[in-house]
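Engineer: Got model_35.txt for you, compact mmCIF, C-alpha atoms:
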```txt
# COMPACT_ATOMS: atom_id res chain seq x y z
CA MET A 1 28.84 -9.85 4.38
CA ILE A 2 26.47 -6.87 4.29
CA ALA A 3 27.85 -5.32 7.49
CA GLU A 4 31.39 -5.44 6.06
CA ASN A 5 30.45 -4.15 2.61
CA GLU A 6 31.50 -0.52 2.73
CA ALA A 7 30.54 0.19 -0.90
CA LEU A 8 27.00 -1.06 -0.27
CA ALA A 9 26.76 0.95 2.95
CA ARG A 10 27.83 4.11 1.09
CA ALA A 11 25.29 3.51 -1.68
CA ARG A 12 22.46 2.95 0.79
CA ALA A 13 23.45 6.06 2.73
CA GLU A 14 23.41 8.14 -0.44
CA TYR A 15 19.91 7.00 -1.37
CA ALA A 16 18.65 7.63 2.16
CA ALA A 17 20.26 11.07 2.25
CA VAL A 18 18.31 12.20 -0.83
CA GLU A 19 15.00 11.56 0.92
CA GLU A 20 16.20 12.98 4.25
CA ARG A 21 17.33 16.23 2.63
CA TYR A 22 14.05 16.55 0.73
CA VAL A 23 11.86 16.07 3.80
CA ARG A 24 14.06 18.25 6.02
CA ALA A 25 14.04 21.14 3.53
CA LEU A 26 10.22 21.11 3.43
CA GLU A 27 9.93 20.82 7.20
CA GLU A 28 12.12 23.89 7.52
CA LYS A 29 9.51 25.74 5.45
CA GLY A 30 6.83 24.75 7.98
CA LEU A 31 5.32 21.71 6.29
CA LYS A 32 4.46 18.77 8.52
CA PHE A 33 4.99 15.11 7.59
CA ALA A 34 3.31 12.13 9.21
CA PRO A 35 5.61 9.71 11.08
CA ARG A 36 7.55 7.65 8.58
CA GLY A 37 5.62 4.55 7.51
CA GLU A 38 2.43 5.58 9.30
CA GLY A 39 -0.54 3.55 8.04
CA GLU A 40 1.53 1.15 5.90
CA HIS A 41 0.17 -2.00 7.55
CA ARG A 42 -3.44 -0.78 7.38
CA ARG A 43 -3.09 0.08 3.69
CA ALA A 44 -1.49 -3.29 2.96
CA GLU A 45 -4.38 -5.09 4.66
CA LEU A 46 -6.96 -3.05 2.74
CA ARG A 47 -5.18 -3.82 -0.51
CA ARG A 48 -5.30 -7.52 0.36
CA GLN A 49 -9.04 -7.26 0.98
CA LEU A 50 -9.56 -5.48 -2.35
CA ARG A 51 -7.67 -8.20 -4.21
CA GLU A 52 -10.05 -10.72 -2.65
CA ARG A 53 -12.96 -8.64 -3.95
CA GLY A 54 -11.64 -8.83 -7.52
CA VAL A 55 -10.09 -5.37 -7.81
CA THR A 56 -7.52 -5.06 -10.60
CA PHE A 57 -4.06 -3.79 -9.63
CA ARG A 58 -2.31 -1.85 -12.40
CA ASN A 59 0.97 0.01 -12.88
CA GLY A 60 2.77 -1.72 -10.06
CA GLY A 61 -0.15 -1.18 -7.67
CA ALA A 62 -0.32 2.58 -8.28
CA SER A 63 -3.71 2.21 -9.98
CA LEU A 64 -6.60 0.09 -8.67
CA SER A 65 -9.80 -0.41 -10.63
CA VAL A 66 -13.02 -2.38 -10.56
CA GLY A 67 -15.77 -2.31 -13.17
CA TRP A 68 -15.80 0.16 -16.05
CA LEU A 69 -12.54 2.03 -16.56
CA SER A 70 -12.27 4.98 -18.90
CA PRO A 71 -10.06 4.25 -21.93
CA ALA A 72 -8.38 7.58 -21.18
CA CYS A 73 -7.24 6.23 -17.81
CA VAL A 74 -5.79 3.18 -19.53
CA GLU A 75 -3.95 5.33 -22.07
CA CYS A 76 -2.63 7.73 -19.43
CA THR A 77 0.11 5.16 -18.85
CA GLY A 78 -0.40 3.37 -22.16
CA ALA A 79 1.62 3.25 -25.34
CA ARG A 80 -0.93 4.74 -27.79
CA GLY A 81 -0.66 8.36 -26.72
CA SER A 82 -2.74 10.65 -24.51
CA GLU A 83 -2.46 14.43 -24.10
CA THR A 84 -4.39 16.97 -22.04
CA PHE A 85 -4.75 20.66 -22.91
CA SER A 86 -6.27 23.82 -21.45
CA THR A 87 -7.98 26.69 -23.21
CA THR A 88 -7.85 28.81 -20.04
CA PHE A 89 -6.51 28.77 -16.49
CA ARG A 90 -9.37 30.98 -15.33
CA CYS A 91 -11.89 29.44 -12.95
CA HIS A 92 -14.90 30.75 -11.04
CA ARG A 93 -13.94 28.43 -8.15
CA ASP A 94 -11.01 28.99 -5.78
CA CYS A 95 -10.19 25.57 -4.33
CA TYR A 96 -7.39 25.70 -1.77
CA PHE A 97 -5.93 22.46 -3.14
CA CYS A 98 -5.83 23.52 -6.82
CA PHE A 99 -2.38 23.05 -8.33
CA ASN A 100 -2.81 25.20 -11.44
CA ARG A 101 -0.51 27.84 -9.98
CA ASN A 102 2.32 25.33 -10.35
CA GLN A 103 1.85 25.27 -14.12
CA ALA A 104 4.47 26.95 -16.28
CA ASP A 105 3.50 30.51 -17.30
CA TYR A 106 0.40 30.38 -15.12
CA GLU A 107 -0.01 34.16 -14.76
CA LEU A 108 0.44 34.76 -18.48
CA PHE A 109 -2.02 32.07 -19.53
CA PHE A 110 -4.48 33.12 -16.82
CA GLU A 111 -4.63 36.57 -18.38
CA GLN A 112 -4.31 35.71 -22.07
CA GLY A 113 -5.64 32.19 -22.35
CA CYS A 114 -3.66 29.05 -23.09
CA PRO A 115 -2.00 28.44 -26.49
CA TRP A 116 -4.00 25.30 -27.19
CA GLU A 117 -3.76 25.65 -30.98
CA GLU A 118 0.03 25.48 -30.77
CA GLY A 119 -0.20 22.57 -28.38
CA LEU A 120 -2.43 20.55 -30.68
CA GLN A 121 -0.23 21.30 -33.68
CA ARG A 122 2.87 20.25 -31.73
CA ALA A 123 1.14 17.00 -30.76
CA ALA A 124 0.26 16.37 -34.41
CA GLN A 125 3.94 16.71 -35.31
CA THR A 126 4.93 14.36 -32.48
CA TYR A 127 2.35 11.58 -32.82
CA ASP A 128 1.02 9.72 -35.82
CA ASP A 129 -2.19 9.50 -33.86
CA LEU A 130 -3.46 10.04 -30.31
CA ALA A 131 -5.74 7.62 -28.53
CA CYS A 132 -7.13 10.21 -26.09
CA ILE A 133 -7.31 14.00 -25.82
CA GLY A 134 -8.40 15.85 -22.70
CA LEU A 135 -9.63 19.42 -22.19
CA THR A 136 -9.20 20.83 -18.72
CA GLY A 137 -8.67 24.23 -17.14
CA GLY A 138 -9.33 26.35 -15.21
CA GLU A 139 -12.95 25.86 -16.13
CA PRO A 140 -13.48 25.06 -19.84
CA LEU A 141 -17.14 26.10 -19.69
CA LEU A 142 -16.26 29.70 -18.85
CA ASN A 143 -15.88 30.09 -22.60
CA LEU A 144 -17.96 27.50 -24.39
CA GLU A 145 -16.98 28.77 -27.84
CA ASP A 146 -13.29 28.20 -27.14
CA SER A 147 -14.06 24.69 -25.91
CA LEU A 148 -16.03 23.93 -29.07
CA ALA A 149 -13.24 25.32 -31.24
CA PHE A 150 -10.76 23.13 -29.40
CA LEU A 151 -12.86 20.01 -29.96
CA ALA A 152 -13.30 20.84 -33.64
CA ARG A 153 -9.55 21.27 -34.19
CA ALA A 154 -8.72 18.18 -32.15
CA THR A 155 -11.12 16.17 -34.30
CA GLU A 156 -9.50 17.49 -37.49
CA LEU A 157 -6.01 16.52 -36.34
CA PHE A 158 -6.91 13.30 -34.50
CA PRO A 159 -10.20 11.97 -35.87
CA ASN A 160 -9.92 8.68 -33.95
CA ALA A 161 -9.07 10.16 -30.55
CA ARG A 162 -11.42 9.83 -27.60
CA LYS A 163 -12.17 13.35 -26.33
CA ARG A 164 -12.97 14.18 -22.70
CA MET A 165 -13.60 17.34 -20.67
CA TYR A 166 -13.02 18.18 -17.00
CA THR A 167 -15.49 20.57 -15.39
CA SER A 168 -16.91 21.67 -12.07
CA GLY A 169 -20.32 21.31 -13.72
CA ASP A 170 -21.63 24.60 -12.36
CA LEU A 171 -21.97 26.21 -15.79
CA LEU A 172 -23.35 23.34 -17.85
CA THR A 173 -26.60 24.10 -19.68
CA GLU A 174 -28.74 21.93 -21.94
CA GLU A 175 -27.65 23.92 -24.98
CA ALA A 176 -23.99 23.52 -24.02
CA ALA A 177 -24.38 19.76 -23.49
CA GLU A 178 -26.04 19.37 -26.88
CA ARG A 179 -23.35 21.39 -28.67
CA LEU A 180 -20.53 19.55 -26.91
CA ARG A 181 -22.06 16.24 -27.95
CA ASP A 182 -22.32 17.43 -31.55
CA ALA A 183 -18.67 18.55 -31.40
CA GLY A 184 -17.62 15.00 -30.62
CA LEU A 185 -17.17 15.03 -26.84
CA ASP A 186 -17.06 11.41 -25.67
CA GLU A 187 -16.65 11.82 -21.94
CA MET A 188 -17.34 14.47 -19.29
CA ARG A 189 -15.67 14.36 -15.89
CA PHE A 190 -17.27 16.29 -13.04
CA SER A 191 -15.49 17.51 -9.94
CA VAL A 192 -17.63 17.40 -6.80
CA LYS A 193 -16.44 19.04 -3.58
CA ASP A 194 -17.41 17.11 -0.46
CA ASP A 195 -17.32 20.32 1.61
CA ASP A 196 -19.59 22.32 -0.73
CA THR A 197 -22.99 23.40 0.48
CA GLU A 198 -25.96 21.19 -0.31
CA VAL A 199 -27.15 23.77 -2.87
CA GLN A 200 -23.77 23.72 -4.65
CA GLN A 201 -23.61 19.96 -4.66
CA GLN A 202 -27.15 19.61 -5.97
CA ARG A 203 -26.38 21.99 -8.82
CA VAL A 204 -23.46 19.80 -9.92
CA LEU A 205 -25.48 16.58 -9.47
CA ASP A 206 -28.22 18.06 -11.66
CA ALA A 207 -25.57 18.91 -14.27
CA MET A 208 -24.36 15.31 -14.19
CA ALA A 209 -27.89 14.05 -14.79
CA LEU A 210 -28.20 16.54 -17.65
CA ALA A 211 -24.92 15.37 -19.19
CA LYS A 212 -26.15 11.77 -19.05
CA ARG A 213 -28.77 12.68 -21.67
CA TYR A 214 -26.20 13.92 -24.17
CA ILE A 215 -22.63 12.79 -23.48
CA PRO A 216 -21.80 9.09 -24.03
CA HIS A 217 -19.86 8.70 -20.77
CA VAL A 218 -20.22 10.68 -17.56
CA MET A 219 -17.76 10.40 -14.69
CA VAL A 220 -16.86 11.92 -11.36
CA GLU A 221 -13.23 12.74 -10.67
CA MET A 222 -12.43 14.13 -7.24
CA PRO A 223 -9.76 14.04 -4.54
CA VAL A 224 -10.68 12.10 -1.43
CA ILE A 225 -9.98 14.21 1.64
CA PRO A 226 -9.16 12.57 4.98
CA GLY A 227 -12.06 12.84 7.42
CA SER A 228 -14.74 12.84 4.70
CA GLU A 229 -15.79 9.19 4.91
CA ASP A 230 -19.47 9.70 5.73
CA ALA A 231 -19.83 12.53 3.22
CA MET A 232 -18.16 10.46 0.51
CA LYS A 233 -20.41 7.48 1.10
CA ALA A 234 -23.48 9.72 0.83
CA LEU A 235 -22.17 11.25 -2.40
CA MET A 236 -21.36 7.88 -3.92
CA GLU A 237 -24.91 6.71 -3.26
CA ARG A 238 -26.20 9.81 -5.05
CA PHE A 239 -23.83 9.16 -7.98
CA GLN A 240 -25.24 5.66 -8.14
CA ALA A 241 -28.78 7.04 -8.39
CA ILE A 242 -27.75 9.29 -11.30
CA GLY A 243 -26.19 6.35 -13.11
CA ILE A 244 -22.68 7.62 -13.76
CA ASP A 245 -20.31 5.32 -15.64
CA GLY A 246 -17.34 5.64 -13.35
CA MET A 247 -15.53 7.51 -10.62
CA ASN A 248 -11.87 8.41 -10.34
CA LEU A 249 -10.91 8.64 -6.68
CA LEU A 250 -7.79 10.79 -6.59
CA GLU A 251 -5.20 10.81 -3.85
CA PHE A 252 -5.52 14.19 -2.13
CA CYS A 253 -2.40 16.31 -2.57
CA PHE A 254 -0.77 19.48 -1.24
CA PRO A 255 0.14 21.67 -4.25
CA PHE A 256 3.07 23.54 -2.64
CA CYS A 257 0.91 26.57 -1.83
CA HIS A 258 -1.59 27.56 0.85
CA TRP A 259 -0.06 25.27 3.48
CA GLU A 260 -1.96 27.23 6.12
CA GLU A 261 -5.22 25.85 4.69
CA PHE A 262 -3.95 22.29 5.09
CA GLU A 263 -2.46 22.88 8.52
CA LYS A 264 -5.62 24.40 10.00
CA ARG A 265 -7.49 21.29 8.88
CA GLY A 266 -4.99 19.11 10.70
CA PHE A 267 -3.48 17.48 7.61
CA THR A 268 0.03 16.07 7.43
CA LEU A 269 1.97 14.82 4.42
CA ARG A 270 2.55 11.20 3.55
CA ASN A 271 5.95 9.93 4.66
CA PRO A 272 7.95 8.84 2.74
CA PRO A 273 6.70 11.39 0.22
CA PHE A 274 7.33 9.15 -2.81
CA GLU A 275 7.62 5.42 -3.32
CA VAL A 276 10.66 6.16 -5.50
CA MET A 277 12.46 9.44 -4.88
CA TYR A 278 12.85 11.41 -8.09
CA ASP A 279 12.41 14.94 -9.40
CA TYR A 280 9.00 14.32 -10.97
CA GLY A 281 7.59 16.86 -13.39
CA TYR A 282 3.94 16.44 -12.36
CA SER A 283 2.75 19.64 -10.71
CA GLY A 284 0.22 18.05 -8.36
CA GLY A 285 2.43 18.25 -5.28
CA LEU A 286 2.71 15.85 -2.35
CA ALA A 287 0.24 13.25 -1.12
CA VAL A 288 -1.64 14.02 2.08
CA ALA A 289 -1.43 11.31 4.73
CA GLY A 290 -4.63 9.30 5.15
CA SER A 291 -6.11 9.91 1.71
CA GLU A 292 -5.09 6.57 0.22
CA GLU A 293 -6.30 4.64 3.26
CA LEU A 294 -9.73 6.27 3.04
CA ILE A 295 -9.96 5.58 -0.70
CA LEU A 296 -9.21 1.90 -0.17
CA LYS A 297 -11.84 1.74 2.58
CA LEU A 298 -14.41 3.45 0.34
CA MET A 299 -13.75 1.04 -2.51
CA ALA A 300 -14.24 -1.97 -0.23
CA TRP A 301 -17.42 -0.45 1.22
CA ALA A 302 -18.82 0.41 -2.23
CA ILE A 303 -18.25 -3.10 -3.57
CA ASP A 304 -19.99 -4.61 -0.55
CA ALA A 305 -22.81 -2.05 -0.78
CA GLY A 306 -23.56 -2.95 -4.39
CA ILE A 307 -22.32 0.28 -5.96
CA ASN A 308 -22.09 -0.68 -9.63
CA PHE A 309 -20.36 2.22 -11.37
CA GLY A 310 -16.69 1.72 -12.18
CA MET A 311 -14.20 2.84 -9.56
CA HIS A 312 -10.58 3.76 -10.14
CA TYR A 313 -8.07 4.75 -7.49
CA CYS A 314 -5.54 7.02 -9.19
CA SER A 315 -2.70 7.64 -6.74
CA LEU A 316 -0.10 10.38 -6.93
CA GLU A 317 2.32 7.59 -7.76
CA ASN A 318 0.14 6.68 -10.74
CA LYS A 319 0.50 10.22 -12.10
CA HIS A 320 4.25 9.74 -11.90
CA ARG A 321 4.06 6.40 -13.72
CA SER A 322 2.99 8.16 -16.91
CA GLU A 323 6.06 10.39 -16.84
CA ILE A 324 8.39 7.48 -16.10
CA ARG A 325 6.95 5.44 -18.96
CA GLN A 326 7.37 8.27 -21.44
CA LYS A 327 11.01 8.70 -20.46
CA ASN A 328 12.00 5.07 -20.19
CA GLU A 329 10.16 3.85 -23.28
CA ARG A 330 12.88 5.65 -25.25
CA ALA A 331 15.54 3.42 -23.70
CA ARG A 332 14.05 0.02 -24.56
CA GLY A 333 16.99 -2.05 -25.74
CA ALA A 334 19.47 0.76 -25.06
CA HIS A 335 21.76 -1.63 -23.20
CA PRO A 336 21.49 -5.41 -22.61
CA ALA A 337 22.09 -4.97 -18.88
CA LEU A 338 18.84 -2.98 -18.57
CA SER A 339 15.27 -4.23 -18.77
CA PHE A 340 12.06 -2.22 -19.04
CA ASP A 341 9.52 -3.19 -16.38
CA GLU A 342 6.06 -3.37 -17.96
CA GLU A 343 4.43 -2.94 -14.54
CA ASP A 344 5.95 0.22 -13.08
CA PHE A 345 7.89 1.40 -16.18
CA PHE A 346 11.28 1.79 -14.50
CA LEU A 347 14.42 0.52 -16.16
CA LYS A 348 15.90 -2.15 -13.92
CA ALA A 349 19.09 -4.13 -13.48
CA ALA A 350 20.74 -6.29 -10.85
CA LYS A 351 23.57 -4.72 -8.87
CA VAL A 352 26.19 -5.82 -6.35
CA PHE A 353 28.74 -3.85 -4.38
CA GLY A 354 32.20 -4.04 -2.88
CA ALA A 355 33.47 -7.51 -2.05
CA ASP A 356 30.49 -9.04 -3.88
CA VAL A 357 31.73 -7.75 -7.24
CA ALA A 358 34.53 -10.29 -7.81
CA PRO A 359 32.53 -13.51 -7.21
CA VAL A 360 29.58 -12.17 -9.20
CA ARG A 361 31.84 -11.19 -12.11
CA ALA A 362 33.23 -14.75 -12.11
CA ALA A 363 29.72 -16.22 -12.06
CA LEU A 364 28.67 -13.99 -14.94
CA ASP A 365 31.69 -15.10 -16.94
CA GLU A 366 30.62 -18.71 -16.40
CA LEU A 367 27.14 -17.81 -17.62
CA GLY A 368 28.57 -16.18 -20.75
CA CYS A 369 27.40 -12.67 -19.82
CA ASP A 370 29.57 -10.00 -21.42
CA CYS A 371 27.36 -6.93 -20.84
CA ALA A 372 27.97 -6.27 -17.14
CA LEU A 373 28.85 -2.67 -16.22
CA GLU A 374 31.49 -2.10 -13.57
CA ASP A 375 31.80 1.23 -11.75
CA GLU A 376 35.12 1.25 -9.93
CA LYS A 377 34.45 4.59 -8.26
CA GLU A 378 31.19 3.35 -6.75
CA GLY A 379 32.54 -0.16 -6.29
CA SER A 380 29.62 -1.79 -8.06
CA LEU A 381 28.75 -4.20 -10.85
CA THR A 382 25.49 -3.93 -12.80
CA PHE A 383 24.13 -6.84 -14.84
CA PRO A 384 20.84 -8.14 -16.31
CA LEU A 385 18.12 -8.71 -13.73
CA ALA A 386 17.16 -11.91 -15.56
CA LEU A 387 20.46 -13.46 -14.42
CA ALA A 388 20.04 -12.56 -10.74
CA SER A 389 18.66 -15.91 -9.60
CA GLN A 390 21.39 -17.83 -11.43
CA VAL A 391 24.07 -15.63 -9.92
CA GLU A 392 22.61 -16.10 -6.45
CA ALA A 393 22.51 -19.86 -6.97
CA ALA A 394 26.13 -19.89 -8.10
CA CYS A 395 27.42 -17.65 -5.30
CA GLY A 396 25.16 -18.80 -2.47
CA ASP A 397 25.02 -16.70 0.69
CA GLU A 398 28.33 -15.06 -0.16
CA VAL A 399 26.70 -12.23 -2.08
CA THR A 400 23.64 -9.99 -1.84
CA VAL A 401 22.07 -9.01 -5.17
CA HIS A 402 19.99 -5.82 -5.33
CA ARG A 403 17.56 -4.44 -7.86
CA CYS A 404 18.49 -0.99 -9.11
CA LEU A 405 15.90 1.33 -10.71
CA PHE A 406 16.89 3.82 -13.39
CA VAL A 407 15.36 6.72 -15.33
CA TYR A 408 16.53 7.58 -18.83
CA GLU A 409 17.21 11.30 -19.03
CA LEU A 410 17.55 13.38 -22.17
CA ASP A 411 18.71 16.99 -22.25
CA ASP A 412 20.59 19.39 -24.50
CA GLU A 413 23.86 17.63 -23.73
CA GLY A 414 22.60 14.17 -24.61
CA ALA A 415 21.19 11.04 -22.95
CA TYR A 416 22.19 9.50 -19.65
CA LEU A 417 20.86 7.21 -16.91
CA THR A 418 19.98 8.27 -13.37
CA ASP A 419 19.77 5.53 -10.75
CA VAL A 420 16.92 6.37 -8.40
CA ALA A 421 16.39 3.42 -6.03
CA LEU A 422 18.07 0.33 -4.65
CA ARG A 423 15.90 -2.54 -3.51
```
Using structure tokens, write down the structure from this file.

Structural biologist:
Amino acid sequence: MIAENEALARARAEYAAVEERYVRALEEKGLKFAPRGEGEHRRAELRRQLRERGVTFRNGGASLSVGWLSPACVECTGARGSETFSTTFRCHRDCYFCFNRNQADYELFFEQGCPWEEGLQRAAQTYDDLACIGLTGGEPLLNLEDSLAFLARATELFPNARKRMYTSGDLLTEEAAERLRDAGLDEMRFSVKDDDTEVQQQRVLDAMALAKRYIPHVMVEMPVIPGSEDAMKALMERFQAIGIDGMNLLEFCFPFCHWEEFEKRGFTLRNPPFEVMYDYGYSGGLAVAGSEELILKLMAWAIDAGINFGMHYCSLENKHRSEIRQKNERARGAHPALSFDEEDFFLKAAKVFGADVAPVRAALDELGCDCALEDEKEGSLTFPLALASQVEAACGDEVTVHRCLFVYELDDEGAYLTDVALR
């Protein structure tokens, strides 16, 4: 019946059109996307191999980890609360892939510093407690005193929170490491650039070794750039020698600026750009094609090579999961037709279209379901996903039941649901 179901065909066309318009608009600006679906089969095979090696799949497969995993990474998409702040957007580096310029009021905060005191106070009014607090930048070590003041105030407001800092490592001194430890810093995350000179890299590696003497947990967090396989393997062996606790391998992203830098390196963008099309608030941009595949290869290699620090693949999709959880957590129990998925954090329901509506409505009546939502304009019927298998058994091949994904929106005019995908 699918070919004859005009309502279903219209719905599918509308979902497809959203993605097509998005990609076309960016292509018209000169951005280049990889062929649609490129690398899917290779990534699927690598994921299968990682499962066999004991890698943990989290957040609907958006996060992969093995070994030690920072509690802050768990709480990023957890229920206990995690917030990250900046004292400054200034940085002595100028990485072409930095997405700070996408931050709200970037120019103002670059010149005047970030209002971190207000941010912490606002968080204290929002949360009874926070599990994790992060300090990023810019470069927090450009002004050590501000960083120490931030940690002191964060400890006053959230005495139980785990506190971490992101840094390039260039400016870390022994005195700074000692004072940061005394201020309660639990974790330091270093960014290492695979295309830095050997002198630059050694300076950061030395800073990591220094931090190991003072800070309870030392990590590396860096994007994995396509074409850097040999360099990454060499770096990971050096990280192993230092004895870091863990490494966050980030999916490399284009931050909607400096496309010329990406183009001259031969990069293209992952296509489709998102697993679920939605207007995400995360400012990191769009995933670069080939980054995830290389990360999965590196994880498999590292496990086989005996690398024993924790590894965590944090995809762009995983960044989005945090936002989706925060929005959809508010809608738990909002309507009996909707369920909250504990894996990927979308609200979900079963949905049928057109000629399938009548037999499904009859089946639901037989099952005693009185919470189905009918949309006559769309020609659809939405009902609890938990009843899908029973409905399919009752209706047989006559109907096709789909999963619909929703996001709970809240603005000045009130709350509403946006349907974002049909599966």

Engineer: Can you work out the spacing between CA of Ile307 (chain A) and CA of Ala289 (chain A) in Å, to one decimal?

Structural biologist: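 It comes out at 25.9 Å.
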
Engineer: Using all atoms listed in the file, tabulate the residues of region 206-286 of chain A lying at most 10 Å from any atom of region 80-96 of chain A, each with its closest atom pair and that distance in Å to one decimal, by chain and increasing residue number, as CSV.

Structural biologist:
```
residue,atom,partner,partner_atom,distance
A:Phe254,CA,A:Tyr96,CA,9.1
A:Pro255,CA,A:Tyr96,CA,8.9
A:Cys257,CA,A:Tyr96,CA,8.3
A:His258,CA,A:Tyr96,CA,6.6
A:Trp259,CA,A:Tyr96,CA,9.0
A:Glu260,CA,A:Tyr96,CA,9.7
A:Glu261,CA,A:Tyr96,CA,6.8
A:Phe262,CA,A:Tyr96,CA,8.4
```

Engineer: Figure out the distance between CA of Cys132 (chain A) and CA of Val224 (chain A), please, to one decimal in Å.

Structural biologist: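 CA of Cys132 (chain A) lies 25.0 Å from CA of Val224 (chain A).
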
Engineer: Counting all atoms listed in the file, which of A:Thr418, A:Glu329, A:Gly354, A:Ile215 gets nearest to Glu342 (chain A)?

Structural biologist: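 Checking each of A:Thr418, A:Glu329, A:Gly354, A:Ile215 against Glu342 (chain A), counting all atoms listed in the file, the winner is A:Glu329.
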
Engineer: How close does region 300-375 of chain A get to region 394-401 of chain A? List, as JSON lines, each residue of region 300-375 of chain A within 7 Å, its nearest atom pair and the distance in Å to one decimal, counting all atoms listed in the file.

Structural biologist:
```
{"residue": "A:Ala350", "atom": "CA", "partner": "A:Val401", "partner_atom": "CA", "distance": 6.4}
{"residue": "A:Lys351", "atom": "CA", "partner": "A:Val401", "partner_atom": "CA", "distance": 5.9}
{"residue": "A:Val352", "atom": "CA", "partner": "A:Val401", "partner_atom": "CA", "distance": 5.3}
{"residue": "A:Asp356", "atom": "CA", "partner": "A:Val399", "partner_atom": "CA", "distance": 5.3}
{"residue": "A:Pro359", "atom": "CA", "partner": "A:Cys395", "partner_atom": "CA", "distance": 6.8}
{"residue": "A:Ala363", "atom": "CA", "partner": "A:Ala394", "partner_atom": "CA", "distance": 6.5}
```

Engineer: Show me, as a Markdown table, the residues of region 102-211 of chain A having an atom within 12 Å of region 66-70 of chain A, each with the closest atom pair and its distance in Å, using all atoms listed in the file.

Structural biologist:
```
| residue | atom | partner | partner_atom | distance |
| --- | --- | --- | --- | --- |
| A:Ala131 | CA | A:Ser70 | CA | 11.9 |
| A:Cys132 | CA | A:Ser70 | CA | 10.3 |
| A:Arg162 | CA | A:Ser70 | CA | 10.0 |
| A:Lys163 | CA | A:Ser70 | CA | 11.2 |
| A:Arg164 | CA | A:Ser70 | CA | 10.0 |
| A:Asp186 | CA | A:Ser70 | CA | 10.5 |
| A:Glu187 | CA | A:Ser70 | CA | 8.7 |
| A:Met188 | CA | A:Ser70 | CA | 10.8 |
| A:Arg189 | CA | A:Ser70 | CA | 10.4 |
```

Engineer: So, with only C-alpha atoms as the atoms that count, which of A:Tyr127, A:Phe190, A:Tyr282, A:Phe109 lies closest to Met247 (chain A)?

Structural biologist: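 Among A:Tyr127, A:Phe190, A:Tyr282, A:Phe109, it is A:Phe190 that comes nearest to Met247 (chain A).
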
Engineer: Would you mind reading off the distance between CA of Ser315 (chain A) and CA of Ala349 (chain A), one decimal, in Å?

Structural biologist: 25.7 Å

Engineer: How would you write as a CSV table (one decimal) with C-alpha atoms, keeping the file's coordinate frame the residues that get within 8 Å of (5.7, 22.2, -6.4) in the file's frame, counting all atoms listed in the file?

Structural biologist:
```
chain,number,residue,atom,x,y,z
A,102,ASN,CA,2.3,25.3,-10.4
A,255,PRO,CA,0.1,21.7,-4.2
A,256,PHE,CA,3.1,23.5,-2.6
A,257,CYS,CA,0.9,26.6,-1.8
A,283,SER,CA,2.8,19.6,-10.7
A,284,GLY,CA,0.2,18.0,-8.4
A,285,GLY,CA,2.4,18.2,-5.3
```

Engineer: Out of A:Glu292, A:Asp230, A:Asp419, A:Asp129, which residue has the shortest atom-to-atom distance to Met277 (chain A) when counting all atoms listed in the file?

Structural biologist: A:Asp419
